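Undergrad: Once you've had a glance at the structure underneath, I'll fire off some questions.
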There are 2 protein chains.
Amino acid sequence: MEMRQDIRDSLARRRQRPLVLEVRDELERMILHGEIPGGERLNEAALAEQLGVSRGPVREAARSLEREGLVRTVANDGVYVRSLSVDEVLELYDLRAMIAGYLCGRLAARGDAQTAARLTEDVAQMDDAIAAGDEPRYFELNLSFHDRIAAAAGAERARTLYVALGKEVRLMRRRVLSGAASLRTSNAEHGQIAAAIAAGDAARAQALGAAHHENAKERLLETL
Amino acid sequence: MEMRQDIRDSLARRRQRPLVLEVRDELERMILHGEIPGGERLNEAALAEQLGVSRGPVREAARSLEREGLVRTVANDGVYVRSLSVDEVLELYDLRAMIAGYLCGRLAARGDAQTAARLTEDVAQMDDAIAAGDEPRYFELNLSFHDRIAAAAGAERARTLYVALGKEVRLMRRRVLSGAASLRTSNAEHGQIAAAIAAGDAARAQALGAAHHENAKERLLETL
DNA sequence: CAACAGAATATTGTTGACAATCGACAATCT
DNA sequence: AGATTGTCGATTGTCAACAATATTCTGTTG
């Protein structure tokens with residue numbers, strides 16, 4: 001059914017999603033894209049005006065971001081975009097590696113043949129992307145590969161942590177190494193992980209999943 | 001307006017501390033003590049009146065608790081105290097075990113002789129408490145033992161996660177097994193952990209720290 | 001010129017009022 | 001009766017004004 005444009009507009013304007021969620025997503029986006037640099041204070045009034053809302057939702061959104069580690073709050077002063085030291089980043093990589101391993105292990109233990117098959121497909125597509133020199137596509141597929149594991153592992157809390165830590169890592173604006181060689185190495189690890197999951201070998205999947213992320217940490221260290 | 005005396009007092013004592021922090025601590029305490037049962041909705045207006053503040057700080061405190069996993073928010077409906085399924089609790093134990101292991105390993109790698117000595121003292125004191133049949137004292141010492149490790153490991157993010165997961169686990173109101181026998185077993189594990197840390201054996205400390213928490217999960221499973 | 005006190009300003013903290021939304025129940029229609 | 005619609009009360013969502021606090025500026029003083 002075709003809907004009159006003005007009606008559609010008014011519905012869109014009268015969004016059902018609370019403003020605080022919109023504001024939170026937008027603040028998160030701005031921080032992760034570096035539009036608000038690390039160490040900078042978030043000015044409530046300025047942000048509220050910029051986003052066309054009042055300060056209430058902005059404050060609530062900031063509280064929400066605080067728990068996720070993207071900002072830190074100083075009483076009677078304001079909330080500041082967090083900036084990470086090298087040691088903190090390395091710790092985040094360690095934590096994420098452990099949780100990624102756990103997710104891989106849980107998924108392997110489930111015997112989810114359909115997900116295992118799709119993971120194997122993902123690996124093949126990433127190989128294609130490497131061969132085609134299409135790095136953006138590789139990164140996109142890489143993201144969905146790991147998301148798929150996290151989503152199908154049946155461990156929602158671990159998944160939440162994994163995603164949150166992933167965002168936190170991005171506070172470090174440094175670009176990771178790319179290049180066809182390291183991509184091939186990385187995807188070979190993906191293949192082993194997918195195979196262990198398909199084989200239902202939980203211990204091996206866990207070890208490989210953790211090692212894969214530890215390797216990412218090593219690759220990062222080489223750039224420092 | 002009726003105001004709780006303790007809140008009023010803390011207001012008078014330290015005006016520097018924003019209300020939202022007081023409210024957050026109080027809400028957290030109420031939830032963890034079971035004063036607000038799992039599944040119950042937090043009524044903003046009622047809580048605000050009870051605590052002698054307006055709804056703003058209550059809402060902000062709720063957002064803060066949301067990220068910690070103690071409550072879940074339903075848009076246009078309210079925030080509900082989370083209640084955990086058995087599977088969720090087991091997952092929390094797994095995650096906490098991994099992070100505890102990580103903290104033990106990091107601490108062992110630091111070669112912090114002073115902390116290692118205090119941990120050994122803690123173990124001895126817990127032995128005394130068991131011999132005296134003083135379970136409350138044992139639990140107190142047990143808590144400080146693990147806090148000491150987390151605080152001295154030099155991994156603040158992991159420490160934060162460990163503490164948060166500990167609170168989350170407490171959402172399950174079930175009481176863990178006690179009794180002198182299981183206390184002795186548990187404290188023997190403490191002793192081994194302290195020894196591995198004192199010896200600077202990071203891998204062993206990590207494995208023992210994780211195993212200690214996995215055992216706690218097993219003891220929980222036996223009560224189900 | 002440095003150190004300090006105090007006003008001026010900017011920003012966060014808090015509040016009460018109003019709008020939007022939802023669930024329950026009553027009224028109406030077929 | 002059963003389904004649909006309308007209304008009401010309770011609760012959350014949002015806002016703008018006011019209060020408290022921190023920061024900056026400035027003039028004064030030793």
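Naming works like this for the structure tokens: A, B, ... for the chains as they're shown, residue 1 at the start of each chain, ligands 1 onward in shown order.
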List as a list in words the protein and nucleic acid residues near A:Glu189, meaning an atom at most 8 Å away when only C-alpha atoms (C1' of nucleotides) are counted, but skip any in the same chain fewer than 4 places from it.

TA: Thr185, Ile193, Leu208 and His212 of chain A

Undergrad: Select from stretch 8-205 of chain A everything DSSP, run on the backbone, classes as strand (DSSP E), then give the selection as a list in words.

TA: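 Written out, the strand (DSSP E) residues of stretch 8-205 of chain A are Arg41, Leu42, Val71, Arg72, Thr73, Val74, Gly78, Val79, Tyr80 and Val81 of chain A.
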
Undergrad: With chain B as the partner and 9 Å as the cut-off, tabulate the residues of chain D that qualify, each row holding the nearest pair of atoms and their distance in Å to one decimal, using only C-alpha atoms (C1' of nucleotides), sorted by chain and rising number, as a Markdown table.

TA:
| residue | atom | partner | partner_atom | distance |
| --- | --- | --- | --- | --- |
| D:DT11 | C1' | B:Asp77 | CA | 7.4 |
| D:DT12 | C1' | B:Asn76 | CA | 5.4 |
| D:DG13 | C1' | B:Asn76 | CA | 7.5 |
| D:DT21 | C1' | B:Gln16 | CA | 8.7 |

Undergrad: In Å, how much C-alpha RMSD is there between chain A and chain B after the fit, with all atoms paired in order?

TA: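 That comparison of chain B with chain A gives 4.4 Å.
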
Undergrad: Residues of chain B within 7 Å of chain A, counting only C-alpha atoms - could you list those as number ranges by chain?

TA: B: 17-18, 60, 63-64, 67-68, 75, 91, 155

Undergrad: Separation of atom C1' of C:DT9 and atom CA of A:Leu42, in Å?

TA: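 According to the coordinates, atom C1' of C:DT9 and atom CA of A:Leu42 are separated by 18.5 Å.
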
Undergrad: Pick out the chain C residues within 9 Å of chain B. Count only C-alpha atoms (C1' of nucleotides). Give them as JSON, numbers by chain.

TA: {"C": [13, 14, 15, 16, 21, 22]}

Undergrad: Filtering to all heavy atoms, could you give me those residues as a tab-separated table (two decimals), in the first residue's frame?

TA:
chain	number	residue	atom	x	y	z
C	13	DG	P	27.28	17.25	36.47
C	13	DG	OP1	28.13	16.42	37.34
C	13	DG	OP2	26.63	16.66	35.29
C	13	DG	O5'	26.17	17.93	37.38
C	13	DG	C5'	26.55	18.40	38.65
C	13	DG	C4'	25.32	18.73	39.50
C	13	DG	O4'	24.63	19.87	38.91
C	13	DG	C3'	24.28	17.60	39.57
C	13	DG	O3'	23.80	17.51	40.92
C	13	DG	C2'	23.19	18.04	38.60
C	13	DG	C1'	23.26	19.56	38.71
C	13	DG	N9	22.84	20.27	37.51
C	13	DG	C8	23.31	20.10	36.23
C	13	DG	N7	22.74	20.91	35.36
C	13	DG	C5	21.86	21.66	36.11
C	13	DG	C6	20.97	22.69	35.72
C	13	DG	O6	20.79	23.16	34.59
C	13	DG	N1	20.24	23.20	36.80
C	13	DG	C2	20.37	22.74	38.09
C	13	DG	N2	19.60	23.32	39.00
C	13	DG	N3	21.20	21.77	38.47
C	13	DG	C4	21.91	21.28	37.44
C	14	DT	P	22.74	16.37	41.33
C	14	DT	OP1	22.96	16.06	42.77
C	14	DT	OP2	22.79	15.29	40.32
C	14	DT	O5'	21.35	17.11	41.20
C	14	DT	C5'	21.13	18.30	41.95
C	14	DT	C4'	19.75	18.87	41.67
C	14	DT	O4'	19.72	19.49	40.37
C	14	DT	C3'	18.62	17.83	41.67
C	14	DT	O3'	17.82	18.09	42.81
C	14	DT	C2'	17.88	18.08	40.34
C	14	DT	C1'	18.41	19.42	39.87
C	14	DT	N1	18.52	19.59	38.39
C	14	DT	C2	17.81	20.60	37.78
C	14	DT	O2	17.08	21.35	38.40
C	14	DT	N3	17.98	20.69	36.42
C	14	DT	C4	18.78	19.89	35.63
C	14	DT	O4	18.85	20.06	34.42
C	14	DT	C5	19.49	18.84	36.32
C	14	DT	C7	20.39	17.93	35.58
C	14	DT	C6	19.33	18.75	37.65
C	15	DT	P	16.55	17.13	43.10
C	15	DT	OP1	16.38	17.07	44.56
C	15	DT	OP2	16.65	15.90	42.31
C	15	DT	O5'	15.38	18.02	42.50
C	15	DT	C5'	15.35	19.42	42.80
C	15	DT	C4'	14.34	20.13	41.93
C	15	DT	O4'	14.85	20.22	40.58
C	15	DT	C3'	12.99	19.42	41.82
C	15	DT	O3'	12.02	20.16	42.53
C	15	DT	C2'	12.69	19.37	40.31
C	15	DT	C1'	13.76	20.26	39.69
C	15	DT	N1	14.24	19.78	38.38
C	15	DT	C2	14.01	20.53	37.25
C	15	DT	O2	13.42	21.59	37.28
C	15	DT	N3	14.51	19.98	36.09
C	15	DT	C4	15.20	18.79	35.95
C	15	DT	O4	15.59	18.41	34.88
C	15	DT	C5	15.40	18.05	37.18
C	15	DT	C7	16.13	16.76	37.15
C	15	DT	C6	14.92	18.57	38.32
C	16	DG	P	10.69	19.46	43.04
C	16	DG	OP1	10.37	20.03	44.36
C	16	DG	OP2	10.79	17.99	42.86
C	16	DG	O5'	9.62	20.02	42.00
C	16	DG	C5'	9.51	21.42	41.80
C	16	DG	C4'	8.75	21.72	40.53
C	16	DG	O4'	9.53	21.28	39.38
C	16	DG	C3'	7.38	21.02	40.42
C	16	DG	O3'	6.43	21.97	39.97
C	16	DG	C2'	7.63	19.90	39.40
C	16	DG	C1'	8.73	20.50	38.52
C	16	DG	N9	9.59	19.51	37.89
C	16	DG	C8	10.09	18.37	38.46
C	16	DG	N7	10.85	17.68	37.65
C	16	DG	C5	10.86	18.42	36.48
C	16	DG	C6	11.52	18.17	35.25
C	16	DG	O6	12.24	17.22	34.94
C	16	DG	N1	11.25	19.17	34.31
C	16	DG	C2	10.47	20.27	34.54
C	16	DG	N2	10.33	21.12	33.53
C	16	DG	N3	9.85	20.51	35.69
C	16	DG	C4	10.09	19.54	36.61
C	21	DT	P	3.95	9.40	21.00
C	21	DT	OP1	5.02	9.04	20.05
C	21	DT	OP2	2.62	9.85	20.51
C	21	DT	O5'	3.73	8.19	21.97
C	21	DT	C5'	4.81	7.78	22.83
C	21	DT	C4'	4.32	6.77	23.82
C	21	DT	O4'	3.53	7.42	24.85
C	21	DT	C3'	3.41	5.69	23.22
C	21	DT	O3'	4.04	4.43	23.38
C	21	DT	C2'	2.10	5.80	24.02
C	21	DT	C1'	2.54	6.53	25.27
C	21	DT	N1	1.49	7.34	25.94
C	21	DT	C2	1.23	7.13	27.26
C	21	DT	O2	1.81	6.31	27.93
C	21	DT	N3	0.24	7.94	27.80
C	21	DT	C4	-0.49	8.92	27.12
C	21	DT	O4	-1.35	9.58	27.70
C	21	DT	C5	-0.16	9.08	25.74
C	21	DT	C7	-0.88	10.11	24.92
C	21	DT	C6	0.80	8.29	25.21
C	22	DC	P	3.44	3.10	22.67
C	22	DC	OP1	4.56	2.32	22.12
C	22	DC	OP2	2.29	3.49	21.81
C	22	DC	O5'	2.86	2.33	23.94
C	22	DC	C5'	3.67	2.21	25.10
C	22	DC	C4'	2.85	1.68	26.25
C	22	DC	O4'	2.01	2.74	26.78
C	22	DC	C3'	1.92	0.53	25.86
C	22	DC	O3'	2.11	-0.57	26.73
C	22	DC	C2'	0.52	1.12	25.99
C	22	DC	C1'	0.72	2.25	27.00
C	22	DC	N1	-0.23	3.38	26.85
C	22	DC	C2	-0.90	3.90	27.97
C	22	DC	O2	-0.69	3.39	29.06
C	22	DC	N3	-1.76	4.93	27.81
C	22	DC	C4	-1.96	5.46	26.60
C	22	DC	N4	-2.81	6.48	26.48
C	22	DC	C5	-1.29	4.95	25.44
C	22	DC	C6	-0.44	3.91	25.61

Undergrad: Show me, as a list in words, the residues that have an atom within 12 Å of A:Val86 when counting only C-alpha atoms (C1' of nucleotides), minus same-chain residues fewer than 3 positions from it.

TA: Ser83, Val89, Leu90, Glu91, Leu92, Tyr93, Val169, Leu171, Met172, Arg173, Arg174, Lys217, Leu220, Leu221, Thr223 and Leu224 of chain A

Undergrad: Just the residues within 9 Å of C:DT28, please, counting only C-alpha atoms (C1' of nucleotides), with nothing from its chain fewer than 2 positions along; format it as a PyMOL selection string.

TA: chain D and resi 4-6

Undergrad: Just the selected residues (N, CA, C and O atoms (P, O5', C5', C4', C3', O3' and C1' of nucleotides)), exported as an mmCIF file, in the first residue's frame, please.

TA:
data_model
loop_
_atom_site.group_PDB
_atom_site.id
_atom_site.type_symbol
_atom_site.label_atom_id
_atom_site.label_comp_id
_atom_site.auth_asym_id
_atom_site.auth_seq_id
_atom_site.Cartn_x
_atom_site.Cartn_y
_atom_site.Cartn_z
ATOM 1 P P DT D 4 -11.370 -7.577 15.334
ATOM 2 O "O5'" DT D 4 -11.883 -6.096 15.570
ATOM 3 C "C5'" DT D 4 -13.087 -5.655 14.926
ATOM 4 C "C4'" DT D 4 -13.486 -4.295 15.464
ATOM 5 C "C3'" DT D 4 -12.331 -3.293 15.577
ATOM 6 O "O3'" DT D 4 -12.657 -2.124 14.844
ATOM 7 C "C1'" DT D 4 -13.604 -3.350 17.583
ATOM 8 P P DT D 5 -11.613 -0.928 14.654
ATOM 9 O "O5'" DT D 5 -12.176 0.164 15.663
ATOM 10 C "C5'" DT D 5 -13.561 0.485 15.665
ATOM 11 C "C4'" DT D 5 -13.897 1.308 16.891
ATOM 12 C "C3'" DT D 5 -12.955 2.479 17.168
ATOM 13 O "O3'" DT D 5 -13.711 3.684 17.264
ATOM 14 C "C1'" DT D 5 -13.300 1.209 19.132
ATOM 15 P P DG D 6 -13.013 5.093 17.488
ATOM 16 O "O5'" DG D 6 -13.276 5.344 19.034
ATOM 17 C "C5'" DG D 6 -14.607 5.298 19.527
ATOM 18 C "C4'" DG D 6 -14.620 5.590 21.024
ATOM 19 C "C3'" DG D 6 -13.762 6.782 21.436
ATOM 20 O "O3'" DG D 6 -14.499 7.591 22.341
ATOM 21 C "C1'" DG D 6 -13.092 4.835 22.632
#

Undergrad: Would you compute the distance between atom CA of B:Asn215 and atom CA of B:Arg184? Give it in Å to one decimal.

TA: 13.1 Å

Undergrad: Expressed in Å to a single decimal, how great is the separation between atom CA of B:Tyr80 and atom CA of B:Glu40?

TA: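 Going from atom CA of B:Tyr80 over to atom CA of B:Glu40 covers 5.4 Å.
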
Undergrad: Using only C-alpha atoms (C1' of nucleotides), which protein or nucleic acid residues come within 12 Å of A:Asp128? Drop anything in the same chain fewer than 2 positions from it, and give the result as a list in words.

TA: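 Near neighbours after the sequence-gap exclusion: Glu121, Asp122, Val123, Ala124, Gln125, Met126, Ile130, Ala131, Ala132, Gly133, Asp134, Glu135, Arg137, Tyr138, Leu141, Ala180, Leu183, Arg184 and Asn187 of chain A.
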
Undergrad: What would the file look like if the residues just selected were written as a PDB file, in the first residue's frame with N, CA, C and O atoms?

TA:
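Result file follows (selection03.pdb):
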ATOM      1  N   GLU A 121      31.610 -20.463   4.194  1.00  0.00           N
ATOM      2  CA  GLU A 121      31.332 -19.577   3.052  1.00  0.00           C
ATOM      3  C   GLU A 121      32.007 -18.225   3.241  1.00  0.00           C
ATOM      4  O   GLU A 121      32.624 -17.686   2.307  1.00  0.00           O
ATOM      5  N   ASP A 122      31.860 -17.661   4.426  1.00  0.00           N
ATOM      6  CA  ASP A 122      32.473 -16.356   4.711  1.00  0.00           C
ATOM      7  C   ASP A 122      33.964 -16.383   4.398  1.00  0.00           C
ATOM      8  O   ASP A 122      34.497 -15.453   3.779  1.00  0.00           O
ATOM      9  N   VAL A 123      34.612 -17.456   4.844  1.00  0.00           N
ATOM     10  CA  VAL A 123      36.060 -17.556   4.623  1.00  0.00           C
ATOM     11  C   VAL A 123      36.372 -17.550   3.129  1.00  0.00           C
ATOM     12  O   VAL A 123      37.297 -16.855   2.673  1.00  0.00           O
ATOM     13  N   ALA A 124      35.588 -18.306   2.373  1.00  0.00           N
ATOM     14  CA  ALA A 124      35.816 -18.356   0.928  1.00  0.00           C
ATOM     15  C   ALA A 124      35.625 -16.981   0.305  1.00  0.00           C
ATOM     16  O   ALA A 124      36.415 -16.544  -0.542  1.00  0.00           O
ATOM     17  N   GLN A 125      34.588 -16.275   0.751  1.00  0.00           N
ATOM     18  CA  GLN A 125      34.338 -14.942   0.200  1.00  0.00           C
ATOM     19  C   GLN A 125      35.464 -13.979   0.556  1.00  0.00           C
ATOM     20  O   GLN A 125      35.829 -13.113  -0.237  1.00  0.00           O
ATOM     21  N   MET A 126      36.017 -14.161   1.744  1.00  0.00           N
ATOM     22  CA  MET A 126      37.131 -13.287   2.129  1.00  0.00           C
ATOM     23  C   MET A 126      38.344 -13.580   1.256  1.00  0.00           C
ATOM     24  O   MET A 126      39.066 -12.665   0.861  1.00  0.00           O
ATOM     25  N   ILE A 130      40.288 -10.878  -1.058  1.00  0.00           N
ATOM     26  CA  ILE A 130      41.739 -10.665  -1.048  1.00  0.00           C
ATOM     27  C   ILE A 130      42.283 -10.754  -2.469  1.00  0.00           C
ATOM     28  O   ILE A 130      43.055  -9.900  -2.921  1.00  0.00           O
ATOM     29  N   ALA A 131      41.837 -11.805  -3.173  1.00  0.00           N
ATOM     30  CA  ALA A 131      42.308 -12.006  -4.543  1.00  0.00           C
ATOM     31  C   ALA A 131      41.951 -10.808  -5.410  1.00  0.00           C
ATOM     32  O   ALA A 131      42.724 -10.407  -6.296  1.00  0.00           O
ATOM     33  N   ALA A 132      40.776 -10.224  -5.158  1.00  0.00           N
ATOM     34  CA  ALA A 132      40.329  -9.074  -5.951  1.00  0.00           C
ATOM     35  C   ALA A 132      40.949  -7.771  -5.447  1.00  0.00           C
ATOM     36  O   ALA A 132      40.715  -6.706  -6.032  1.00  0.00           O
ATOM     37  N   GLY A 133      41.714  -7.840  -4.356  1.00  0.00           N
ATOM     38  CA  GLY A 133      42.320  -6.621  -3.812  1.00  0.00           C
ATOM     39  C   GLY A 133      41.306  -5.659  -3.216  1.00  0.00           C
ATOM     40  O   GLY A 133      41.558  -4.483  -3.078  1.00  0.00           O
ATOM     41  N   ASP A 134      40.127  -6.199  -2.863  1.00  0.00           N
ATOM     42  CA  ASP A 134      39.057  -5.350  -2.333  1.00  0.00           C
ATOM     43  C   ASP A 134      39.102  -5.358  -0.801  1.00  0.00           C
ATOM     44  O   ASP A 134      38.385  -6.111  -0.147  1.00  0.00           O
ATOM     45  N   GLU A 135      39.947  -4.491  -0.244  1.00  0.00           N
ATOM     46  CA  GLU A 135      40.121  -4.483   1.211  1.00  0.00           C
ATOM     47  C   GLU A 135      38.860  -4.081   1.978  1.00  0.00           C
ATOM     48  O   GLU A 135      38.536  -4.696   2.990  1.00  0.00           O
ATOM     49  N   ARG A 137      35.839  -4.602   1.281  1.00  0.00           N
ATOM     50  CA  ARG A 137      34.933  -5.757   1.321  1.00  0.00           C
ATOM     51  C   ARG A 137      35.470  -6.789   2.304  1.00  0.00           C
ATOM     52  O   ARG A 137      34.714  -7.409   3.034  1.00  0.00           O
ATOM     53  N   TYR A 138      36.784  -6.976   2.336  1.00  0.00           N
ATOM     54  CA  TYR A 138      37.359  -7.932   3.273  1.00  0.00           C
ATOM     55  C   TYR A 138      37.019  -7.548   4.707  1.00  0.00           C
ATOM     56  O   TYR A 138      36.593  -8.384   5.502  1.00  0.00           O
ATOM     57  N   LEU A 141      33.440  -8.304   5.492  1.00  0.00           N
ATOM     58  CA  LEU A 141      33.207  -9.740   5.677  1.00  0.00           C
ATOM     59  C   LEU A 141      33.817 -10.227   6.986  1.00  0.00           C
ATOM     60  O   LEU A 141      33.236 -11.057   7.692  1.00  0.00           O
ATOM     61  N   ALA A 180      47.882  -7.471   1.440  1.00  0.00           N
ATOM     62  CA  ALA A 180      47.382  -8.797   1.052  1.00  0.00           C
ATOM     63  C   ALA A 180      48.015  -9.907   1.884  1.00  0.00           C
ATOM     64  O   ALA A 180      47.345 -10.866   2.269  1.00  0.00           O
ATOM     65  N   LEU A 183      46.515 -10.121   5.328  1.00  0.00           N
ATOM     66  CA  LEU A 183      45.118 -10.527   5.173  1.00  0.00           C
ATOM     67  C   LEU A 183      45.030 -12.034   4.936  1.00  0.00           C
ATOM     68  O   LEU A 183      44.152 -12.715   5.477  1.00  0.00           O
ATOM     69  N   ARG A 184      45.946 -12.543   4.120  1.00  0.00           N
ATOM     70  CA  ARG A 184      45.931 -13.975   3.833  1.00  0.00           C
ATOM     71  C   ARG A 184      46.212 -14.777   5.114  1.00  0.00           C
ATOM     72  O   ARG A 184      45.540 -15.769   5.396  1.00  0.00           O
ATOM     73  N   ASN A 187      43.132 -14.680   7.280  1.00  0.00           N
ATOM     74  CA  ASN A 187      42.020 -15.491   6.796  1.00  0.00           C
ATOM     75  C   ASN A 187      42.310 -16.986   6.911  1.00  0.00           C
ATOM     76  O   ASN A 187      41.382 -17.785   7.051  1.00  0.00           O
TER      77      ASN A 187
END
